[in-house]
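Text of the file entry-v8.cif, holding mmCIF, C-alpha atoms and all ligand atoms:
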data_my_file
loop_
_atom_site.label_atom_id
_atom_site.label_comp_id
_atom_site.auth_asym_id
_atom_site.auth_seq_id
_atom_site.Cartn_x
_atom_site.Cartn_y
_atom_site.Cartn_z
CA MET A 242 128.14 114.15 151.55
CA SER A 243 127.84 117.81 152.46
CA VAL A 244 131.53 118.29 151.72
CA TYR A 245 130.97 117.27 148.14
CA SER A 246 127.49 118.68 147.62
CA LYS A 247 128.93 121.95 146.29
CA LEU A 248 131.41 120.16 144.07
CA VAL A 249 129.16 117.56 142.53
CA LYS A 250 127.11 118.19 139.39
CA PRO A 251 123.64 119.00 140.74
CA GLU A 252 121.85 116.63 138.36
CA LEU A 253 123.66 113.70 139.94
CA LEU A 254 121.82 114.25 143.20
CA LEU A 255 118.49 113.85 141.38
CA GLN A 256 119.43 110.37 140.22
CA PRO A 257 117.45 107.47 141.58
CA VAL A 258 119.78 104.68 142.66
CA TYR A 259 119.63 101.59 140.46
CA GLN A 260 118.90 98.48 142.48
CA PRO A 261 120.24 95.43 140.70
CA GLY A 262 119.04 91.89 141.28
CA LYS A 263 120.78 90.49 144.35
CA PRO A 264 123.75 88.25 143.63
CA ILE A 265 123.52 84.74 145.08
CA GLU A 266 126.63 85.13 147.27
CA TYR A 267 125.22 88.28 148.81
CA VAL A 268 121.98 86.60 149.83
CA ALA A 269 123.89 83.57 151.13
CA ARG A 270 125.99 85.80 153.41
CA GLU A 271 123.06 87.91 154.50
CA LEU A 272 120.78 85.02 155.44
CA GLY A 273 123.37 82.40 156.37
CA LEU A 274 122.24 80.07 153.56
CA ASP A 275 124.33 77.69 151.49
CA SER A 276 124.90 79.44 148.18
CA ARG A 277 124.32 76.18 146.31
CA SER A 278 120.78 76.07 147.65
CA ILE A 279 119.93 79.52 146.28
CA ILE A 280 118.45 80.20 142.87
CA LYS A 281 118.41 83.58 141.18
CA LEU A 282 115.45 84.52 139.04
CA ALA A 283 116.03 88.23 139.41
CA SER A 284 117.90 89.57 136.38
CA ASN A 285 116.43 87.81 133.34
CA GLU A 286 119.58 85.84 132.66
CA ASN A 287 119.55 82.71 130.50
CA PRO A 288 119.02 79.78 132.92
CA LEU A 289 120.68 77.40 130.45
CA GLY A 290 123.86 79.47 130.47
CA PRO A 291 125.93 80.57 127.49
CA SER A 292 126.36 78.59 124.29
CA PRO A 293 129.07 75.94 124.92
CA LYS A 294 130.81 77.20 121.78
CA GLY A 295 130.68 80.77 123.07
CA LEU A 296 132.11 79.65 126.38
CA ALA A 297 134.95 77.76 124.70
CA ALA A 298 135.82 80.79 122.56
CA GLY A 299 135.81 83.02 125.64
CA LYS A 300 138.11 80.64 127.51
CA SER A 301 140.56 80.55 124.68
CA ALA A 302 140.54 84.35 124.36
CA LEU A 303 141.49 84.47 128.04
CA GLU A 304 144.95 83.19 127.08
CA GLU A 305 145.61 86.48 125.28
CA VAL A 306 144.42 88.99 127.83
CA HIS A 307 147.82 90.60 128.20
CA LEU A 308 146.95 92.29 124.90
CA TYR A 309 144.48 95.13 124.57
CA PRO A 310 141.26 94.09 122.87
CA ASP A 311 140.34 95.18 119.36
CA GLY A 312 138.78 98.57 120.10
CA GLY A 313 136.67 98.47 116.96
CA CYS A 314 135.43 94.88 117.53
CA TYR A 315 136.22 94.19 113.87
CA GLU A 316 135.24 90.54 113.66
CA LEU A 317 132.12 90.83 115.75
CA VAL A 318 130.95 93.97 113.97
CA ASN A 319 131.38 92.27 110.61
CA ALA A 320 129.59 89.13 111.75
CA LEU A 321 126.73 91.21 113.13
CA ALA A 322 126.57 93.25 109.93
CA GLN A 323 126.29 90.11 107.88
CA TRP A 324 123.74 88.57 110.23
CA LEU A 325 121.58 91.69 110.19
CA GLY A 326 122.09 92.62 106.54
CA LEU A 327 123.70 95.95 107.46
CA GLN A 328 127.00 97.69 106.69
CA ALA A 329 129.76 97.40 109.28
CA ASP A 330 129.78 101.19 109.82
CA GLN A 331 126.18 100.96 111.02
CA LEU A 332 127.16 99.00 114.12
CA ILE A 333 128.65 99.81 117.48
CA VAL A 334 129.48 97.39 120.28
CA GLY A 335 129.32 98.33 123.94
CA ASN A 336 130.12 97.14 127.42
CA GLY A 337 126.56 95.88 127.68
CA SER A 338 123.83 97.67 125.77
CA ASN A 339 123.58 99.77 128.89
CA GLU A 340 126.79 101.51 127.88
CA ILE A 341 125.37 102.22 124.46
CA LEU A 342 122.28 103.80 126.02
CA GLU A 343 124.64 105.99 128.00
CA LEU A 344 126.51 106.94 124.82
CA ILE A 345 123.17 108.17 123.48
CA GLY A 346 122.95 110.42 126.52
CA HIS A 347 126.51 111.67 126.02
CA ALA A 348 125.90 112.47 122.39
CA PHE A 349 122.33 113.75 122.36
CA ILE A 350 120.93 114.71 125.76
CA GLY A 351 121.82 118.03 127.35
CA GLN A 352 120.54 120.41 130.00
CA GLY A 353 116.79 120.89 129.68
CA ASP A 354 116.31 118.52 126.75
CA GLU A 355 113.19 116.42 126.96
CA VAL A 356 113.21 112.66 126.70
CA VAL A 357 109.96 110.77 126.24
CA ILE A 358 109.56 107.34 127.81
CA GLY A 359 106.65 105.10 128.70
CA GLN A 360 105.62 104.89 132.34
CA GLY A 361 107.47 102.20 134.28
CA SER A 362 109.86 101.59 131.40
CA PHE A 363 113.38 100.21 131.87
CA ILE A 364 114.90 102.50 134.49
CA VAL A 365 118.18 103.10 132.66
CA TYR A 366 116.43 105.54 130.29
CA LYS A 367 115.54 107.71 133.25
CA LEU A 368 119.01 107.41 134.79
CA VAL A 369 120.74 108.37 131.55
CA THR A 370 118.41 111.31 130.94
CA LEU A 371 118.84 112.74 134.43
CA LEU A 372 122.60 112.19 134.36
CA PHE A 373 122.91 114.56 131.42
CA GLY A 374 120.51 117.14 132.84
CA GLY A 375 117.58 116.15 130.66
CA LYS A 376 113.95 116.11 131.63
CA VAL A 377 111.99 112.86 131.64
CA VAL A 378 108.50 113.04 130.14
CA GLU A 379 106.69 109.89 131.22
CA VAL A 380 103.60 108.74 129.34
CA PRO A 381 101.05 106.55 131.16
CA THR A 382 100.66 102.98 129.96
CA LYS A 383 97.39 101.39 128.85
CA GLU A 384 96.82 97.97 130.38
CA TYR A 385 100.54 97.64 131.12
CA ARG A 386 101.45 98.33 127.51
CA HIS A 387 103.10 101.49 126.23
CA ASP A 388 100.73 103.95 124.63
CA LEU A 389 102.68 104.81 121.50
CA ARG A 390 100.19 107.41 120.24
CA GLY A 391 100.38 109.02 123.66
CA MET A 392 104.17 108.99 123.43
CA LEU A 393 104.02 110.65 120.02
CA ASP A 394 101.68 113.30 121.43
CA ALA A 395 104.13 113.92 124.29
CA VAL A 396 106.86 114.95 121.85
CA SER A 397 107.50 118.71 121.95
CA ASP A 398 110.01 120.94 120.20
CA ARG A 399 112.32 120.34 123.17
CA THR A 400 112.24 116.56 122.73
CA LYS A 401 115.54 115.01 121.67
CA VAL A 402 115.06 111.32 122.29
CA VAL A 403 112.25 108.79 122.65
CA PHE A 404 113.23 105.54 124.36
CA LEU A 405 111.10 102.48 123.72
CA ALA A 406 111.70 98.86 124.66
CA SER A 407 109.47 96.12 123.31
CA PRO A 408 109.18 93.74 125.04
CA ASP A 409 109.83 96.11 127.89
CA ASN A 410 111.27 95.32 131.27
CA PRO A 411 109.83 95.00 133.91
CA SER A 412 106.36 94.65 132.35
CA GLY A 413 107.30 91.96 129.82
CA SER A 414 104.66 93.35 127.48
CA ALA A 415 105.28 94.09 123.82
CA ASN A 416 103.73 96.54 121.40
CA ALA A 417 102.42 95.41 118.03
CA ASN A 418 104.88 95.76 115.16
CA ARG A 419 102.57 98.05 113.20
CA GLU A 420 102.28 100.45 116.17
CA ILE A 421 106.05 100.57 116.53
CA ILE A 422 106.54 101.21 112.83
CA GLU A 423 103.83 103.87 112.94
CA LEU A 424 105.57 105.64 115.83
CA ALA A 425 108.93 105.42 114.06
CA GLU A 426 107.42 106.87 110.87
CA SER A 427 105.51 109.63 112.64
CA LEU A 428 108.23 111.11 114.84
CA PRO A 429 109.63 114.40 113.58
CA ASP A 430 113.17 114.40 112.17
CA SER A 431 114.32 116.45 115.15
CA VAL A 432 113.80 113.44 117.43
CA LEU A 433 115.83 110.26 117.75
CA LEU A 434 113.91 107.05 118.44
CA VAL A 435 116.01 104.62 120.46
CA PHE A 436 114.44 101.21 120.16
CA ASP A 437 115.75 98.78 122.77
CA GLY A 438 115.42 95.20 121.58
CA ALA A 439 117.02 93.50 124.58
CA TYR A 440 114.38 90.76 124.33
CA SER A 441 113.91 90.77 120.53
CA GLU A 442 115.23 87.24 120.16
CA TYR A 443 112.35 85.95 122.27
CA LEU A 444 109.79 87.23 119.77
CA ASP A 445 108.66 85.09 116.85
CA ASP A 446 108.39 88.14 114.67
CA PRO A 447 110.40 91.07 116.06
CA PRO A 448 109.70 94.52 114.61
CA ASP A 449 112.11 95.40 111.82
CA LEU A 450 113.17 99.04 111.77
CA ARG A 451 116.03 98.53 109.30
CA PRO A 452 114.02 99.68 106.25
CA LEU A 453 113.19 102.94 108.03
CA ILE A 454 116.83 103.41 109.03
CA ALA A 455 117.75 102.92 105.36
CA GLN A 456 115.23 105.61 104.44
CA GLY A 457 117.01 108.04 106.74
CA LYS A 458 114.59 108.07 109.66
CA ARG A 459 116.25 108.94 112.96
CA ILE A 460 116.21 105.52 114.54
CA PHE A 461 118.77 103.67 116.59
CA CYS A 462 118.30 100.08 117.78
CA THR A 463 120.08 98.39 120.67
CA ARG A 464 120.41 94.69 121.41
CA THR A 465 122.28 92.67 123.98
CA PHE A 466 124.21 89.47 124.51
CA SER A 467 123.08 89.46 128.16
CA LYS A 468 119.71 87.81 127.74
CA ILE A 469 119.13 84.96 125.29
CA PHE A 470 122.86 84.71 124.49
CA GLY A 471 123.61 84.10 128.16
CA LEU A 472 126.64 86.41 128.45
CA ALA A 473 125.37 88.90 131.06
CA GLY A 474 128.54 88.55 133.15
CA LEU A 475 130.81 89.50 130.26
CA ARG A 476 128.97 92.76 129.55
CA ILE A 477 128.48 93.04 125.82
CA GLY A 478 125.72 94.53 123.68
CA TYR A 479 125.43 96.40 120.41
CA GLY A 480 123.48 99.00 118.53
CA PHE A 481 122.78 99.83 114.91
CA GLY A 482 121.58 102.81 112.94
CA ASP A 483 122.72 105.30 110.36
CA PRO A 484 126.54 105.40 109.83
CA GLU A 485 126.59 109.11 110.73
CA LEU A 486 124.87 108.46 114.04
CA VAL A 487 127.20 105.54 114.78
CA ALA A 488 130.21 107.77 114.04
CA LEU A 489 128.92 110.29 116.59
CA LEU A 490 128.55 107.57 119.21
CA ASN A 491 132.07 106.38 118.47
CA ARG A 492 133.34 109.84 119.38
CA VAL A 493 132.09 109.47 122.94
CA ARG A 494 132.99 105.81 123.30
CA GLU A 495 136.17 105.01 125.19
CA PRO A 496 138.74 103.31 122.95
CA PHE A 497 138.74 99.85 124.55
CA ASN A 498 135.21 99.65 125.90
CA VAL A 499 134.61 95.96 125.14
CA ASN A 500 136.94 93.30 126.51
CA ALA A 501 138.51 90.60 124.35
CA VAL A 502 136.87 87.66 126.13
CA ALA A 503 133.42 89.15 125.62
CA GLN A 504 134.11 89.81 121.92
CA ALA A 505 135.25 86.24 121.30
CA ALA A 506 132.39 84.68 123.27
CA ALA A 507 129.79 86.87 121.58
CA LEU A 508 131.07 86.05 118.11
CA ALA A 509 130.98 82.29 118.69
CA SER A 510 127.58 82.53 120.41
CA LEU A 511 126.12 84.44 117.49
CA GLU A 512 127.19 81.65 115.18
CA ASP A 513 125.67 78.95 117.41
CA GLU A 514 122.18 79.36 116.04
CA GLN A 515 120.98 75.96 117.24
CA TRP A 516 121.75 76.84 120.83
CA ILE A 517 119.82 80.09 120.60
CA GLU A 518 116.86 78.32 119.02
CA ASP A 519 116.86 75.72 121.80
CA CYS A 520 116.93 78.47 124.43
CA ARG A 521 114.06 80.28 122.75
CA LYS A 522 111.94 77.13 122.74
CA ALA A 523 112.81 76.27 126.34
CA ASN A 524 111.89 79.78 127.42
CA TYR A 525 108.58 79.64 125.63
CA ARG A 526 107.72 76.26 127.15
CA GLU A 527 108.71 77.17 130.71
CA ARG A 528 107.15 80.62 130.56
CA SER A 529 103.80 79.13 129.53
CA LYS A 530 103.98 76.70 132.44
CA LEU A 531 104.88 79.47 134.85
CA GLU A 532 101.96 81.57 133.64
CA LYS A 533 99.55 78.64 134.02
CA GLN A 534 100.78 77.98 137.53
CA LEU A 535 100.35 81.63 138.50
CA GLN A 536 96.86 81.44 137.10
CA SER A 537 96.03 78.40 139.20
CA LEU A 538 97.33 80.19 142.29
CA GLY A 539 94.95 83.02 141.44
CA ILE A 540 97.80 85.48 140.92
CA GLU A 541 97.37 88.21 138.32
CA TYR A 542 100.27 88.56 135.89
CA ILE A 543 101.11 90.56 132.79
CA GLU A 544 101.15 88.43 129.67
CA SER A 545 104.85 88.18 128.86
CA SER A 546 106.66 88.32 125.54
CA ALA A 547 110.07 88.02 127.19
CA ASN A 548 111.98 85.68 129.52
CA PHE A 549 110.31 86.75 132.75
CA VAL A 550 106.85 87.11 134.20
CA THR A 551 105.64 90.04 136.25
CA ALA A 552 103.07 89.10 138.84
CA ARG A 553 100.87 90.95 141.32
CA VAL A 554 101.43 89.28 144.66
CA GLY A 555 99.98 91.77 147.15
CA ASP A 556 103.07 93.32 148.67
CA GLY A 557 106.05 92.87 146.39
CA VAL A 558 108.77 93.54 148.96
CA ASP A 559 107.14 91.23 151.48
CA ALA A 560 106.86 88.41 148.92
CA PHE A 561 110.43 89.05 147.76
CA GLU A 562 111.72 88.77 151.34
CA TRP A 563 109.72 85.64 152.02
CA MET A 564 110.96 83.95 148.87
CA GLN A 565 114.51 85.06 149.52
CA LYS A 566 114.48 83.33 152.91
CA GLU A 567 113.56 80.18 151.02
CA GLY A 568 116.51 80.70 148.72
CA VAL A 569 114.60 82.06 145.72
CA ILE A 570 115.73 85.51 144.60
CA VAL A 571 113.18 87.46 142.56
CA ARG A 572 112.82 91.17 141.95
CA PRO A 573 110.49 93.52 143.83
CA LEU A 574 109.38 96.39 141.58
CA VAL A 575 109.10 99.34 143.97
CA PRO A 576 111.56 101.45 141.93
CA TYR A 577 109.12 101.14 139.02
CA GLY A 578 106.15 102.31 141.05
CA MET A 579 104.77 98.74 141.11
CA LYS A 580 104.83 97.98 144.81
CA ASP A 581 102.33 95.11 144.56
CA TRP A 582 104.40 93.27 141.99
CA ILE A 583 107.42 91.02 141.64
CA ARG A 584 109.28 90.03 138.50
CA VAL A 585 110.27 86.39 138.15
CA SER A 586 112.75 85.42 135.46
CA VAL A 587 111.96 82.20 133.64
CA GLY A 588 114.40 79.63 135.01
CA THR A 589 114.86 75.93 134.38
CA GLU A 590 111.90 73.65 135.05
CA GLN A 591 113.18 72.86 138.57
CA GLU A 592 113.89 76.50 139.36
CA ASN A 593 110.44 77.56 138.30
CA GLU A 594 108.87 74.83 140.40
CA ARG A 595 110.78 76.10 143.42
CA ALA A 596 109.64 79.64 142.70
CA ILE A 597 106.02 78.56 142.43
CA ASP A 598 106.25 76.45 145.61
CA SER A 599 107.75 79.38 147.45
CA LEU A 600 105.12 81.78 146.15
CA SER A 601 102.40 79.36 147.10
CA SER A 602 103.80 79.04 150.63
CA TYR A 603 103.88 82.84 150.77
CA LEU A 604 100.20 83.04 149.89
CA ASN A 605 99.37 80.43 152.55
CA ARG A 606 101.59 81.95 155.26
C1 LIG B 1 118.53 93.61 130.43
C2 LIG B 1 118.16 94.79 129.61
C3 LIG B 1 119.11 95.44 128.86
C4 LIG B 1 120.49 94.85 128.71
O1 LIG B 1 121.45 95.44 129.40
P1 LIG B 1 122.97 95.01 129.14
O2 LIG B 1 123.67 96.22 129.57
O3 LIG B 1 123.13 94.73 127.69
O4 LIG B 1 123.21 93.82 129.99
C5 LIG B 1 118.74 96.53 128.10
N1 LIG B 1 117.46 96.92 128.06
C6 LIG B 1 116.51 96.29 128.75
C7 LIG B 1 115.11 96.74 128.64
C8 LIG B 1 116.84 95.21 129.56
O5 LIG B 1 115.90 94.60 130.28
#
Let me see the structure of the file written as structure tokens.
Amino acid sequence: MSVYSKLVKPELLLQPVYQPGKPIEYVARELGLDSRSIIKLASNENPLGPSPKGLAAGKSALEEVHLYPDGGCYELVNALAQWLGLQADQLIVGNGSNEILELIGHAFIGQGDEVVIGQGSFIVYKLVTLLFGGKVVEVPTKEYRHDLRGMLDAVSDRTKVVFLASPDNPSGSANANREIIELAESLPDSVLLVFDGAYSEYLDDPPDLRPLIAQGKRIFCTRTFSKIFGLAGLRIGYGFGDPELVALLNRVREPFNVNAVAQAAALASLEDEQWIEDCRKANYRERSKLEKQLQSLGIEYIESSANFVTARVGDGVDAFEWMQKEGVIVRPLVPYGMKDWIRVSVGTEQENERAIDSLSSYLNR
């Protein structure tokens, strides 16, 4: 490391290291378990998998992978535009919405710029800010919910970007639509609000910032195909905002950032509305059960608006390790300053039962 420490950009050394949910194969190797006996409830993936129509479209696109993908994602962009009631030039597709968040950093965050986020918010906002030499201004939450007035107050004349996710990860909590709209309306024009709607599809009534975008407010929204659409492994997400902003992001985007299989699968998944509706209902049903079971075990949890539940188990790493030995992978939340907590993605009925059994055996150890 010391050889490169003079060469490397200094801000890189300030970066916390992102710890992803552990892949099943990794845990199987590490603990000598049969991978088929392991369940992963650690990355908020869709336990029912992708839409069968999406999968079929992806498989057929695989036949053509000797060709470069469509760099502009023409068909998908137009389908999304129609679906959202936007113009095609208001949309950008990325290699996961994570890439789009990074494009925001490329385009807008420089040395010394301030970026306002809520405490314990999705860690990528912090990573992106630090990567571009920005300064993170973290605003304490109130009862595990972002304090949007507090975030507005934290904006200074050095603030470039405010990142907000609702529902957020890892808390699972959501802010009320009127609060979100109020924040979006109140921010000065010198600040860009990036609203991350990774879990929007799980809400009955997601906040709608499109009218404010149309009025010229500085707002950019991101969404993903990784969660309810069940395409996390293909890496595809999108964002929308003003055409001028999207054009700026396109300048920093690499030409072929989204692969052809992902584009085809996303397009067909978007059109499979019944599948998405079924997944939403299944998530709601299983999440309620999971919350009730946590309650009966006497475990505190944060009321979730997403596809996971965050629970206070005593020592998060200890519980995580215990459950992992029993073949249930969950997520400890130390990197978020929540050492007493774990995050459990809502799985299938059987998966959730195993998670609850394992948690209960942990409590009785
Ligand atoms: C999972 C998640 C994302 C999605 O990331 P992708 O790169 O699209 O897979 C974005 N934001 C939040 C808050 C998330 O939890």
Ligand LIG 1 (chain B) neighbours within 8 Å using only C-alpha atoms and all ligand atoms, as a ChimeraX atom specification: /A:284-285,336-340,362-363,365,406-411,437-440,463-468,473,476-479
Using all atoms listed in the file, which residues sit within 10 Å of stretch 292-308 of chain A once same-chain residues fewer than 2 positions away are excluded, as a list of chain:residue names? A:Leu289, A:Gly290, A:Pro310, A:Asp311, A:Ile469, A:Phe470, A:Gly471, A:Leu472, A:Leu475, A:Asn500, A:Ala501, A:Val502, A:Ala503, A:Gln504, A:Ala505, A:Ala506, A:Ala507, A:Leu508, A:Ala509, A:Ser510, A:Leu511, A:Glu512, A:Asp513, A:Glu514, A:Gln515, A:Trp516, A:Ile517, A:Cys520
Using only C-alpha atoms, which residue out of A:Phe549, A:Glu592, A:Asp559, A:Gly312 lies closest to A:Pro496? A:Gly312
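For the pair atom CA of A:Leu489 and atom CA of A:Gln331, the interatomic distance is 11.2 Å.
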So what do you get for atom CA of A:Leu255 versus atom CA of A:Ala348, distance-wise? 20.4 Å
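For A:Ala395, the set of protein, DNA and RNA residues having any atom at most 12 Å away, when counting only C-alpha atoms and skipping those fewer than 5 positions along the same chain, is Glu355, Val356, Val357, Ile358, Gly359, Val377, Val378, Glu379, Val380, Pro381, Asp388, Leu389, Arg390, Thr400, Lys401, Val402, Val403, Leu424, Leu428 and Val432 of chain A.
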Select, from A:Arg572, A:Gln565, A:Leu490, A:Met579, the residue with the minimum atom-to-atom distance to A:Leu272, counting only C-alpha atoms. A:Gln565
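Using all atoms listed in the file, the nearest neighbour of A:Gly353 within the list A:Gln323, A:Ser545, A:Thr370, A:Ser441 is A:Thr370.
The two atoms in question, atom CA of A:Leu444 and atom CA of A:Glu420, are spaced 15.6 Å apart.
Counting all atoms listed in the file and comparing A:Arg553, A:Lys263, A:His387, A:Arg492, the residue that lies closest to A:Ala415 is A:His387.
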Within 10 Å of (114.5, 110.1, 114.0) in the file's own coordinates, which protein, DNA or RNA residues have an atom, counting all atoms listed in the file? List them as a VMD selection string. chain A and resid 401 to 403 425 to 435 453 to 454 457 to 461
Would you mind listing what lies within 8 Å of A:Val587 as a ChimeraX atom specification, with only C-alpha atoms counted and same-chain residues fewer than 5 positions away left out? /A:282,285,288,524,527-528,531,548-550,593
